[in-house]
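One file, model-v6.txt, carrying compact mmCIF, C-alpha atoms (C1' of nucleotides):
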# COMPACT_ATOMS: atom_id res chain seq x y z
CA MET E 28 27.02 -3.51 -31.26
CA PRO E 29 23.47 -2.24 -30.82
CA LYS E 30 22.79 0.33 -28.15
CA THR E 31 21.14 -1.23 -25.13
CA LEU E 32 19.27 0.24 -22.19
CA ILE E 33 19.26 -2.03 -19.18
CA ILE E 34 16.34 -1.23 -16.89
CA LEU E 35 16.60 -2.29 -13.28
CA LEU E 36 13.15 -2.14 -11.71
CA GLY E 37 11.30 -3.41 -8.68
CA PRO E 38 9.36 -2.37 -5.59
CA THR E 39 10.57 0.37 -3.29
CA GLY E 40 13.21 -0.73 -0.81
CA VAL E 41 14.17 -3.96 -2.57
CA GLY E 42 17.76 -2.84 -3.18
CA LYS E 43 17.76 -1.38 -6.68
CA THR E 44 20.18 1.43 -5.86
CA ASP E 45 22.99 -0.76 -4.54
CA LEU E 46 22.71 -3.22 -7.36
CA SER E 47 22.54 -0.49 -9.99
CA ILE E 48 25.90 0.80 -8.74
CA ASP E 49 27.44 -2.65 -9.09
CA ILE E 50 26.03 -3.16 -12.56
CA ALA E 51 27.00 0.32 -13.72
CA SER E 52 30.54 -0.19 -12.38
CA TYR E 53 30.82 -3.53 -14.12
CA PHE E 54 29.75 -2.10 -17.48
CA GLN E 55 31.54 1.20 -16.83
CA THR E 56 28.53 3.30 -17.63
CA GLU E 57 26.14 5.84 -16.16
CA ILE E 58 22.74 5.64 -14.50
CA ILE E 59 19.48 7.24 -15.47
CA SER E 60 17.21 7.41 -12.47
CA CYS E 61 13.56 6.71 -13.13
CA ASP E 62 12.03 7.96 -9.94
CA SER E 63 9.30 10.58 -9.88
CA ARG E 64 10.36 11.86 -6.46
CA GLN E 65 14.14 11.53 -6.32
CA ILE E 66 14.12 13.92 -9.25
CA TYR E 67 13.36 16.83 -6.88
CA ARG E 68 16.33 18.49 -5.23
CA GLU E 69 14.30 19.74 -2.26
CA MET E 70 13.42 16.19 -1.18
CA ASN E 71 16.22 13.98 0.07
CA ILE E 72 15.76 11.91 3.19
CA GLY E 73 12.18 10.88 2.50
CA THR E 74 12.88 9.78 -1.06
CA ALA E 75 15.95 7.69 -0.16
CA VAL E 76 18.22 9.26 -2.77
CA PRO E 77 21.65 7.67 -3.05
CA ASP E 78 24.22 9.41 -0.83
CA THR E 79 26.66 11.92 -2.31
CA LYS E 80 29.57 9.50 -2.18
CA THR E 81 27.63 7.02 -4.30
CA LEU E 82 26.57 9.73 -6.67
CA LYS E 83 30.21 10.68 -7.15
CA THR E 84 31.28 7.12 -7.96
CA ILE E 85 28.83 6.74 -10.82
CA PRO E 86 27.32 9.65 -12.75
CA HIS E 87 23.57 9.78 -12.18
CA HIS E 88 20.96 11.58 -14.25
CA PHE E 89 17.55 12.84 -13.12
CA ILE E 90 18.48 12.77 -9.47
CA ARG E 91 17.88 16.08 -7.72
CA SER E 92 17.81 17.64 -11.15
CA HIS E 93 14.48 19.46 -10.89
CA SER E 94 12.67 21.63 -8.39
CA ILE E 95 9.41 20.85 -6.61
CA HIS E 96 8.25 24.25 -7.87
CA ASP E 97 8.44 23.06 -11.49
CA TYR E 98 5.50 21.21 -12.94
CA TYR E 99 6.72 17.80 -13.96
CA ASN E 100 5.13 14.66 -15.36
CA ALA E 101 5.74 11.38 -17.13
CA SER E 102 5.67 12.96 -20.57
CA LYS E 103 8.39 15.45 -19.66
CA PHE E 104 10.45 12.59 -18.33
CA GLU E 105 9.93 10.70 -21.58
CA THR E 106 11.21 13.64 -23.61
CA GLU E 107 14.12 14.57 -21.36
CA ALA E 108 15.29 11.03 -20.69
CA LEU E 109 15.23 10.19 -24.39
CA GLU E 110 17.37 13.24 -25.13
CA ARG E 111 19.81 12.32 -22.41
CA LEU E 112 19.99 8.74 -23.64
CA GLU E 113 20.79 9.91 -27.12
CA GLN E 114 23.72 11.89 -25.74
CA LEU E 115 24.94 9.01 -23.60
CA PHE E 116 24.68 6.47 -26.41
CA ARG E 117 27.00 8.59 -28.54
CA GLN E 118 29.87 7.52 -26.33
CA ARG E 119 28.75 4.16 -25.01
CA ASP E 120 26.75 1.09 -25.96
CA ILE E 121 25.14 0.38 -22.60
CA VAL E 122 23.25 2.62 -20.22
CA ILE E 123 21.55 1.60 -16.99
CA MET E 124 18.18 2.94 -15.96
CA THR E 125 16.94 2.22 -12.48
CA GLY E 126 13.84 3.17 -10.53
CA GLY E 127 10.36 2.16 -9.61
CA SER E 128 8.11 4.79 -11.16
CA MET E 129 6.01 2.51 -13.27
CA LEU E 130 4.42 5.05 -15.55
CA TYR E 131 7.76 6.76 -16.16
CA ILE E 132 9.32 3.45 -17.18
CA ASP E 133 6.48 2.71 -19.58
CA ALA E 134 6.58 6.25 -20.94
CA LEU E 135 10.24 5.86 -21.77
CA CYS E 136 9.91 2.37 -23.24
CA LYS E 137 6.70 2.75 -25.23
CA GLY E 138 5.89 6.44 -25.29
CA LEU E 139 2.75 8.33 -24.39
CA ASP E 140 0.05 9.75 -26.62
CA ASP E 141 0.66 13.11 -28.19
CA LEU E 142 -1.22 15.46 -25.89
CA PRO E 143 -0.81 19.11 -25.00
CA ASN E 144 0.52 19.90 -21.55
CA VAL E 145 -2.29 20.77 -19.21
CA ASP E 146 -2.91 24.42 -18.54
CA GLN E 147 -2.49 24.79 -14.79
CA GLN E 148 -5.08 27.55 -14.53
CA LEU E 149 -7.69 25.37 -16.20
CA ARG E 150 -6.80 22.55 -13.84
CA GLN E 151 -7.21 24.83 -10.84
CA SER E 152 -10.60 26.08 -11.98
CA LEU E 153 -11.85 22.55 -12.69
CA MET E 154 -10.67 21.41 -9.29
CA LYS E 155 -12.55 24.28 -7.72
CA ARG E 156 -15.68 23.29 -9.62
CA MET E 157 -15.28 19.71 -8.47
CA GLU E 158 -15.14 20.96 -4.89
CA THR E 159 -18.11 23.29 -5.08
CA GLU E 160 -20.41 21.49 -7.55
CA GLY E 161 -19.37 17.93 -6.88
CA ILE E 162 -18.30 15.47 -9.52
CA ALA E 163 -21.75 14.95 -11.08
CA ASN E 164 -21.74 18.10 -13.22
CA LEU E 165 -18.26 17.37 -14.51
CA LEU E 166 -19.32 13.84 -15.39
CA ASN E 167 -22.25 15.19 -17.38
CA GLU E 168 -19.96 17.56 -19.18
CA LEU E 169 -17.57 14.76 -20.04
CA ARG E 170 -20.45 12.64 -21.36
CA GLU E 171 -21.31 15.52 -23.70
CA LEU E 172 -17.77 16.22 -24.85
CA ASP E 173 -16.44 12.67 -25.08
CA PRO E 174 -19.11 9.94 -24.87
CA ASP E 175 -16.62 7.26 -25.93
CA TYR E 176 -14.24 7.91 -23.09
CA TYR E 177 -17.15 8.27 -20.69
CA LYS E 178 -18.01 4.67 -21.45
CA VAL E 179 -14.61 3.30 -20.49
CA VAL E 180 -13.29 5.65 -17.82
CA ASP E 181 -13.48 4.83 -14.12
CA LEU E 182 -16.30 7.19 -13.19
CA LYS E 183 -15.27 7.18 -9.55
CA ASN E 184 -11.76 8.38 -10.24
CA PRO E 185 -11.75 12.18 -10.13
CA LYS E 186 -8.26 12.56 -11.60
CA ARG E 187 -9.14 10.62 -14.73
CA ILE E 188 -12.35 12.59 -15.19
CA LEU E 189 -10.59 15.89 -14.70
CA HIS E 190 -7.77 15.14 -17.07
CA ALA E 191 -10.10 14.03 -19.83
CA LEU E 192 -12.11 17.21 -19.41
CA GLU E 193 -8.97 19.30 -19.41
CA ILE E 194 -7.91 17.92 -22.77
CA CYS E 195 -11.41 18.24 -24.27
CA LEU E 196 -11.68 21.85 -23.19
CA MET E 197 -8.16 22.78 -24.25
CA THR E 198 -8.26 21.22 -27.69
CA GLY E 199 -11.93 21.25 -28.63
CA ARG E 200 -11.51 17.56 -29.45
CA PRO E 201 -12.63 14.50 -27.52
CA PHE E 202 -9.90 13.19 -25.24
CA SER E 203 -10.40 9.69 -26.63
CA SER E 204 -9.37 10.88 -30.10
CA PHE E 205 -5.85 11.31 -28.73
CA ARG E 206 -5.73 7.90 -27.16
CA THR E 207 -3.99 5.92 -29.87
CA ASN E 208 -1.61 3.98 -27.63
CA PRO E 209 1.47 4.68 -29.75
CA SER E 210 3.95 1.98 -28.66
CA ARG E 211 6.77 3.90 -30.28
CA LYS E 212 9.96 2.30 -31.52
CA ARG E 213 13.10 3.35 -29.70
CA PRO E 214 16.51 3.60 -31.36
CA PHE E 215 17.98 1.21 -28.79
CA LYS E 216 17.35 -2.24 -27.33
CA ILE E 217 15.73 -2.57 -23.92
CA LEU E 218 16.39 -5.28 -21.34
CA LYS E 219 14.20 -5.25 -18.25
CA ILE E 220 15.61 -6.78 -15.08
CA GLY E 221 13.10 -7.10 -12.24
CA LEU E 222 14.18 -7.24 -8.62
CA ASN E 223 11.96 -8.84 -6.00
CA CYS E 224 12.34 -10.82 -2.79
CA ASP E 225 10.33 -12.60 -0.17
CA ARG E 226 7.45 -10.38 0.96
CA ALA E 227 8.37 -10.51 4.66
CA VAL E 228 11.97 -9.60 3.87
CA LEU E 229 10.85 -6.71 1.70
CA TYR E 230 8.56 -5.37 4.41
CA ASN E 231 11.34 -5.65 6.93
CA ARG E 232 13.65 -3.66 4.71
CA ILE E 233 10.98 -1.02 4.15
CA ASN E 234 10.20 -0.67 7.87
CA GLN E 235 13.86 -0.38 8.78
CA ARG E 236 14.48 2.14 6.06
CA VAL E 237 11.69 4.35 7.43
CA ASP E 238 13.20 4.18 10.93
CA LYS E 239 16.54 5.17 9.41
CA MET E 240 14.93 8.12 7.65
CA PHE E 241 13.67 9.39 11.00
CA GLU E 242 17.15 9.00 12.51
CA GLU E 243 18.57 10.98 9.62
CA GLY E 244 16.19 13.86 10.26
CA LEU E 245 13.14 13.25 8.10
CA GLU E 246 10.90 15.19 10.48
CA GLU E 247 13.04 18.31 10.15
CA GLU E 248 13.16 18.02 6.36
CA VAL E 249 9.38 17.84 6.24
CA ILE E 250 8.90 20.70 8.72
CA ASN E 251 10.98 22.92 6.45
CA LEU E 252 8.83 21.97 3.46
CA TYR E 253 5.55 22.45 5.32
CA PRO E 254 4.82 25.87 3.80
CA LEU E 255 4.93 24.24 0.33
CA ARG E 256 2.72 21.30 1.23
CA HIS E 257 0.17 22.17 -1.46
CA LEU E 258 2.67 21.27 -4.20
CA ASN E 259 1.91 18.02 -5.97
CA SER E 260 5.45 16.77 -5.56
CA LEU E 261 4.98 16.83 -1.81
CA ASN E 262 1.87 14.68 -2.01
CA THR E 263 4.22 11.82 -1.28
CA VAL E 264 4.57 8.97 1.19
CA GLY E 265 6.85 10.10 4.00
CA TYR E 266 5.84 13.72 3.66
CA ARG E 267 2.09 13.93 3.88
CA GLU E 268 1.96 11.76 7.00
CA ILE E 269 4.29 14.18 8.79
CA PHE E 270 2.29 17.12 7.47
CA ASP E 271 -0.68 15.50 9.24
CA HIS E 272 1.36 15.26 12.40
CA ILE E 273 2.33 18.95 12.16
CA ASP E 274 -1.37 19.71 11.78
CA GLY E 275 -1.91 17.83 15.01
CA THR E 276 -4.24 15.13 13.67
CA ILE E 277 -1.84 12.25 14.46
CA THR E 278 1.14 11.68 16.75
CA LEU E 279 4.66 11.46 15.39
CA ASP E 280 4.65 7.76 16.17
CA GLU E 281 1.43 7.25 14.24
CA ALA E 282 2.96 9.15 11.34
CA ARG E 283 5.95 6.84 11.37
CA GLU E 284 3.75 3.74 11.33
CA LYS E 285 1.62 5.19 8.55
CA ILE E 286 4.70 5.92 6.46
CA LYS E 287 5.71 2.30 6.87
CA ALA E 288 2.25 1.01 5.96
CA ASN E 289 1.91 3.34 2.97
CA SER E 290 5.37 2.40 1.73
CA ARG E 291 4.42 -1.28 1.92
CA LYS E 292 1.22 -0.49 0.07
CA TYR E 293 3.18 1.36 -2.60
CA ALA E 294 5.51 -1.61 -3.01
CA ARG E 295 2.48 -3.87 -3.55
CA LYS E 296 1.06 -1.49 -6.12
CA GLN E 297 4.34 -1.47 -7.99
CA LEU E 298 4.40 -5.26 -8.04
CA THR E 299 0.84 -5.33 -9.38
CA TRP E 300 1.91 -3.10 -12.24
CA PHE E 301 5.13 -4.97 -13.01
CA ARG E 302 3.46 -8.38 -12.85
CA ARG E 303 1.62 -7.84 -16.10
CA ASP E 304 4.77 -6.92 -18.02
CA PRO E 305 5.99 -10.08 -19.75
CA GLU E 306 9.27 -8.44 -20.80
CA ILE E 307 10.64 -8.46 -17.26
CA THR E 308 13.13 -11.15 -16.19
CA TRP E 309 12.97 -11.52 -12.41
CA PHE E 310 15.80 -11.95 -9.91
CA THR E 311 16.39 -11.54 -6.19
CA PRO E 312 18.73 -8.71 -5.12
CA GLY E 313 21.51 -11.11 -4.20
CA MET E 314 21.78 -12.57 -7.71
CA LYS E 315 24.28 -10.01 -8.96
CA ASP E 316 26.39 -12.54 -10.88
CA GLU E 317 23.37 -14.14 -12.51
CA ILE E 318 22.06 -10.74 -13.51
CA ILE E 319 25.37 -9.73 -15.09
CA ALA E 320 25.51 -13.08 -16.86
CA THR E 321 21.99 -12.58 -18.20
CA ILE E 322 22.86 -9.11 -19.44
CA ASN E 323 26.03 -10.35 -21.14
CA GLN E 324 24.15 -13.20 -22.75
CA HIS E 325 21.56 -10.75 -24.03
CA LEU E 326 24.25 -8.42 -25.38
CA ASN E 327 25.98 -11.28 -27.20
CA GLN E 328 22.74 -12.44 -28.80
CA GLU E 329 21.93 -8.93 -29.95
CA GLY E 330 25.44 -8.49 -31.27
CA GLN E 331 25.12 -11.33 -33.72
C1' G O 1 -4.93 -16.28 49.01
C1' G O 2 -10.15 -13.63 48.13
C1' U O 3 -13.49 -10.87 44.94
C1' G O 4 -14.73 -8.68 40.35
C1' C O 5 -14.02 -7.94 35.11
C1' C O 6 -12.05 -9.75 30.49
C1' A O 7 -10.59 -13.83 26.79
C1' U O 8 -13.91 -13.55 19.28
C1' A O 9 -9.56 -12.22 12.53
C1' G O 10 -2.44 -10.45 12.55
C1' C O 11 -4.01 -5.88 16.05
C1' U O 12 -8.06 -2.94 18.59
C1' C O 13 -12.80 -4.37 19.51
C1' A O 14 -18.38 -5.26 18.23
C1' G O 15 -21.95 -9.18 18.22
C1' U O 16 -24.86 -13.68 18.54
C1' C O 17 -32.40 -12.99 23.72
C1' G O 18 -28.66 -20.63 21.85
C1' G O 19 -29.03 -22.05 14.96
C1' U O 20 -20.61 -21.85 13.84
C1' A O 21 -19.82 -14.30 13.37
C1' G O 22 -18.42 -8.47 11.57
C1' A O 23 -16.25 -3.32 11.81
C1' G O 24 -11.72 -0.20 11.69
C1' C O 25 -6.58 -0.80 10.95
C1' A O 26 -3.13 -4.33 9.00
C1' A O 27 -2.88 -8.04 5.03
C1' C O 28 -4.14 -9.65 -0.01
C1' G O 29 -5.76 -8.89 -5.29
C1' G O 30 -6.91 -5.58 -9.44
C1' A O 31 -7.15 -0.98 -12.66
C1' C O 32 -3.86 2.53 -14.57
C1' U O 33 -0.95 6.73 -21.06
C1' G O 34 0.90 14.35 -18.97
C1' A O 35 -0.71 14.88 -10.72
C1' A O 36 1.76 8.18 -11.03
C1' A O 37 5.38 7.58 -4.12
C1' A O 38 -0.71 10.22 -7.56
C1' U O 39 -5.78 8.47 -8.11
C1' C O 40 -9.46 4.63 -8.03
C1' C O 41 -11.84 -0.38 -7.33
C1' G O 42 -12.36 -5.16 -5.02
C1' U O 43 -11.45 -9.42 -1.10
C1' G O 44 -12.78 -11.63 5.51
C1' U O 45 -8.22 -14.55 6.00
C1' G O 46 -11.57 -17.34 12.40
C1' U O 47 -10.26 -24.29 16.87
C1' C O 48 -15.21 -17.35 18.92
C1' C O 49 -9.01 -19.61 25.34
C1' C O 50 -9.38 -25.09 27.19
C1' U O 51 -12.30 -29.19 29.43
C1' G O 52 -16.82 -30.92 30.90
C1' G O 53 -22.34 -30.13 31.67
C1' U O 54 -27.42 -28.69 29.99
C1' U O 55 -29.65 -28.86 24.95
C1' C O 56 -31.94 -31.50 18.77
C1' A O 57 -28.07 -27.61 18.55
C1' A O 58 -23.11 -24.01 22.71
C1' U O 59 -18.76 -19.10 20.40
C1' U O 60 -23.27 -17.64 23.27
C1' C O 61 -26.09 -20.55 29.20
C1' C O 62 -23.77 -23.33 33.67
C1' A O 63 -19.35 -25.46 36.30
C1' G O 64 -14.24 -26.11 36.57
C1' G O 65 -9.42 -24.89 34.57
C1' U O 66 -5.77 -21.60 32.27
C1' G O 67 -4.07 -16.69 31.09
C1' G O 68 -4.55 -11.24 31.61
C1' C O 69 -6.19 -6.80 34.23
C1' A O 70 -8.20 -4.32 38.60
C1' C O 71 -9.33 -4.06 43.66
C1' C O 72 -9.02 -6.33 48.66
C1' A O 73 -5.65 -8.93 51.76
Written as structure tokens, that's how I'd like the structure from this file.
Amino acid sequence: MPKTLIILLGPTGVGKTDLSIDIASYFQTEIISCDSRQIYREMNIGTAVPDTKTLKTIPHHFIRSHSIHDYYNASKFETEALERLEQLFRQRDIVIMTGGSMLYIDALCKGLDDLPNVDQQLRQSLMKRMETEGIANLLNELRELDPDYYKVVDLKNPKRILHALEICLMTGRPFSSFRTNPSRKRPFKILKIGLNCDRAVLYNRINQRVDKMFEEGLEEEVINLYPLRHLNSLNTVGYREIFDHIDGTITLDEAREKIKANSRKYARKQLTWFRRDPEITWFTPGMKDEIIATINQHLNQEGQ
RNA sequence: GGUGCCAUAGCUCAGUCGGUAGAGCAACGGACUGAAAAUCCGUGUGUCCCUGGUUCAAUUCCAGGUGGCACCA
């Protein structure tokens, strides 16, 4: 039987966690989380990590496994998750991956270009230049160093400009020369199961989940993290809005409403990304039996 | 009961000296390869409260009605 990774994906709040537990129990396997924020052990309430009881029922990987102090990115996830999968597949044929971090999913399925990790000091100095000189000088520099990328990059997107410059400066090569779009082969089959539901229902679930987070003490969690607010990992829905409230720019109630709105926006953005992926088979969260049937059917086909 | 003010997008409101209207937020769509819950781009979705009058033409002016708010009783 070929090794198969079943990926359960969908917008935030749709019900991936609960279903992933059911599916993992049914196939008696473990879960790889694919969530760029649940990976941090210092963040709990605001990232909606599964509760400890759930985590004990089914072994989870990449949940609360890293620190917000560590620099992390999609490429690291690709490397680490592939290693972990190799270990897991030694003992089992099926592993579940669940989460909504789009780039992380794609990184694991198709791989990223072979680039050096960004030097954080260089990043800091470029960010400072962007602040003091404005983006125009950096754009000119990029046009010099990598005219090809300059032609295709979104010139209004500072992060894209900065990253391209970082790579040019670090390697002495144009950033575009690294962009080969590898689409690597993986030593296992992949089945993508998408979860979605009626938009109004989804928004309701998201809004209620935010209220629940506040009941569970989100404000206190964020207050404790306030001194670390500059960390990238804390540039996150549910955290930055409360940072703003601590700064006194908005009321706590406004922060709560903004968290809801930004979560809804995030869900929409996820759907936009997933929509263009033709490999996804879509279900609603209640279709547990149909999903298991689809997986079994897929496994049988692959087995022949 | 009387007087005054208000009624325009899902919400808060602007505006049209009479030629069927626009901001913010929300909503909706898109991009995306090492910061991705990040970052960036795009879209106005409307019985202008109702009925009548004046007018070539009324969301706009006039009258009445309805609803809301305030004050006086």
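Residues of chain E lying within 7 Å of chain O, counting only C-alpha atoms (C1' of nucleotides), are Arg64, Asn100, Ala101, Ser102, Leu130, Leu139, Asp140, Asn144, Lys183, Asn184, Lys186, Asn259, Thr263, Val264 and Tyr293 of chain E.
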Item to complete: One decimal, Å: what's the distance from atom CA of Arg232 of chain E over to atom CA of Leu36 of chain E, could you say?
Response: 16.5 Å
Taking a cut-off of 10 Å and counting all atoms listed in the file, can you build a table that, for each residue of segment 167-285 of chain E near segment 108-124 of chain E, reports the nearest atom pair and how far apart they are in Å (one decimal), sorted by chain then residue number, as JSON lines?
{"residue": "E:Arg213", "atom": "CA", "partner": "E:Leu109", "partner_atom": "CA", "distance": 8.9}
{"residue": "E:Pro214", "atom": "CA", "partner": "E:Glu113", "partner_atom": "CA", "distance": 8.7}
{"residue": "E:Phe215", "atom": "CA", "partner": "E:Phe116", "partner_atom": "CA", "distance": 8.8}
{"residue": "E:Lys216", "atom": "CA", "partner": "E:Ile121", "partner_atom": "CA", "distance": 9.5}
{"residue": "E:Ile217", "atom": "CA", "partner": "E:Val122", "partner_atom": "CA", "distance": 9.9}
{"residue": "E:Leu218", "atom": "CA", "partner": "E:Ile123", "partner_atom": "CA", "distance": 9.6}
{"residue": "E:Lys219", "atom": "CA", "partner": "E:Met124", "partner_atom": "CA", "distance": 9.4}
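Across the structure, atom CA of Glu306 of chain E and atom CA of Leu222 of chain E are spaced 13.2 Å apart.
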Practice prompt. Just the residues within 8 Å of segment 64-68 of chain O, please, counting all atoms listed in the file, with nothing from its chain fewer than 2 positions along; format it as a ChimeraX atom specification.
Written response: /O:6,49-52
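Here atom CA of Ile220 of chain E stands at a distance of 5.7 Å from atom CA of Ile307 of chain E.
The closest residue to Leu196 of chain E, picked from E:Leu229, E:Ala134, E:Val145, E:Leu182 and counting only C-alpha atoms, is E:Val145.
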Which centre and which edge lengths, in Å to one decimal, describe the axis-aligned box that holds all listed atoms of segment 164-181 of chain E after 3 Å is added on each side, as JSON?
{"center_x": -17.8, "center_y": 10.7, "center_z": -19.6, "size_x": 15.0, "size_y": 20.8, "size_z": 18.7}
Discussion item. Using all atoms listed in the file, which protein or nucleic acid residues come within 9 Å of segment 238-255 of chain E? Drop anything in the same chain fewer than 3 positions from it, and give the result as a list in words.
Written reply: Glu69, Met70, Asn71, Ile72, Gly73, Ala75, Ile95, His96, Ile233, Asn234, Gln235, Leu258, Leu261, Gly265, Tyr266, Arg267, Ile269, Phe270, Ile273, Leu279, Arg283 and Lys287 of chain E
Worksheet entry | Selection: 10 Å around G18 of chain O, all atoms listed in the file, excl. self and same-chain fewer than 5 positions, as JSON, numbers by chain | {"O": [55, 57, 58, 60, 61]}
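Ranking E:Gly37, E:Asp280, E:Pro143, E:Thr198 by their shortest atom-to-atom distance to Arg302 of chain E, with all atoms listed in the file included, puts E:Gly37 first.
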Practice prompt. Can you pull out every residue within 10 Å of Glu193 of chain E, counting all atoms listed in the file, but drop anything in the same chain fewer than 5 positions away, and send it as number ranges by chain?
Written response: E: 143-147, 149-150, 153, 169, 187-188, 198-199, 202
Worksheet item: Could you list as a PyMOL selection string every residue that has an atom within 7 Å of (11.0, 1.8, -13.3), using the file's coordinates and counting all atoms listed in the file?
Response: chain E and resi 35-37+61+125-129+131-132
Env of U47 of chain O: 12 Å cut, atoms = all atoms listed in the file, seq-sep filter 5 positions within chain, self excluded. Answer as a PDB file with C-alpha atoms (C1' of nucleotides), keeping the file's coordinate frame.
ATOM      1  C1'   U O   8     -13.910 -13.550  19.280  1.00  0.00           C
ATOM      2  C1'   U O  20     -20.610 -21.850  13.840  1.00  0.00           C
ATOM      3  C1'   U O  59     -18.760 -19.100  20.400  1.00  0.00           C
TER       4        U O  59
END
Discussion item. Calculated over only C-alpha atoms, which of the candidates E:His87, E:Arg236, E:Lys30, E:His190 has the smallest distance to Thr74 of chain E?
Written reply: E:Arg236
Please rebuild segment 191-205 of chain E with N, CA, C and O atoms and return the result as a CSV table (one decimal), in the coordinates of the input.
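selection.csv written:
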chain,number,residue,atom,x,y,z
E,191,ALA,N,-9.4,14.2,-18.6
E,191,ALA,CA,-10.1,14.0,-19.8
E,191,ALA,C,-10.8,15.3,-20.2
E,191,ALA,O,-10.7,15.8,-21.3
E,192,LEU,N,-11.4,15.9,-19.2
E,192,LEU,CA,-12.1,17.2,-19.4
E,192,LEU,C,-11.1,18.3,-19.8
E,192,LEU,O,-11.4,19.1,-20.7
E,193,GLU,N,-10.0,18.3,-19.1
E,193,GLU,CA,-9.0,19.3,-19.4
E,193,GLU,C,-8.6,19.3,-20.9
E,193,GLU,O,-8.6,20.3,-21.6
E,194,ILE,N,-8.3,18.0,-21.4
E,194,ILE,CA,-7.9,17.9,-22.8
E,194,ILE,C,-9.0,18.3,-23.7
E,194,ILE,O,-8.8,19.0,-24.7
E,195,CYS,N,-10.3,17.9,-23.4
E,195,CYS,CA,-11.4,18.2,-24.3
E,195,CYS,C,-11.5,19.8,-24.4
E,195,CYS,O,-11.7,20.3,-25.5
E,196,LEU,N,-11.5,20.4,-23.2
E,196,LEU,CA,-11.7,21.8,-23.2
E,196,LEU,C,-10.5,22.6,-23.8
E,196,LEU,O,-10.7,23.6,-24.5
E,197,MET,N,-9.3,22.1,-23.7
E,197,MET,CA,-8.2,22.8,-24.2
E,197,MET,C,-8.1,22.6,-25.8
E,197,MET,O,-7.6,23.6,-26.5
E,198,THR,N,-8.5,21.5,-26.3
E,198,THR,CA,-8.3,21.2,-27.7
E,198,THR,C,-9.5,21.3,-28.5
E,198,THR,O,-9.4,21.4,-29.8
E,199,GLY,N,-10.7,21.3,-27.9
E,199,GLY,CA,-11.9,21.2,-28.6
E,199,GLY,C,-12.2,19.9,-29.3
E,199,GLY,O,-13.0,19.8,-30.2
E,200,ARG,N,-11.4,18.9,-28.9
E,200,ARG,CA,-11.5,17.6,-29.4
E,200,ARG,C,-11.8,16.6,-28.3
E,200,ARG,O,-11.3,16.8,-27.2
E,201,PRO,N,-12.5,15.5,-28.6
E,201,PRO,CA,-12.6,14.5,-27.5
E,201,PRO,C,-11.3,13.9,-27.1
E,201,PRO,O,-10.4,13.7,-27.9
E,202,PHE,N,-11.1,13.8,-25.8
E,202,PHE,CA,-9.9,13.2,-25.2
E,202,PHE,C,-9.6,11.8,-25.9
E,202,PHE,O,-8.4,11.5,-26.2
E,203,SER,N,-10.6,11.1,-26.1
E,203,SER,CA,-10.4,9.7,-26.6
E,203,SER,C,-9.8,9.7,-28.0
E,203,SER,O,-9.1,8.8,-28.4
E,204,SER,N,-10.0,10.8,-28.7
E,204,SER,CA,-9.4,10.9,-30.1
E,204,SER,C,-7.8,11.0,-30.0
E,204,SER,O,-7.2,10.7,-31.0
E,205,PHE,N,-7.3,11.3,-28.9
E,205,PHE,CA,-5.8,11.3,-28.7
E,205,PHE,C,-5.3,10.0,-28.3
E,205,PHE,O,-4.1,9.7,-28.3
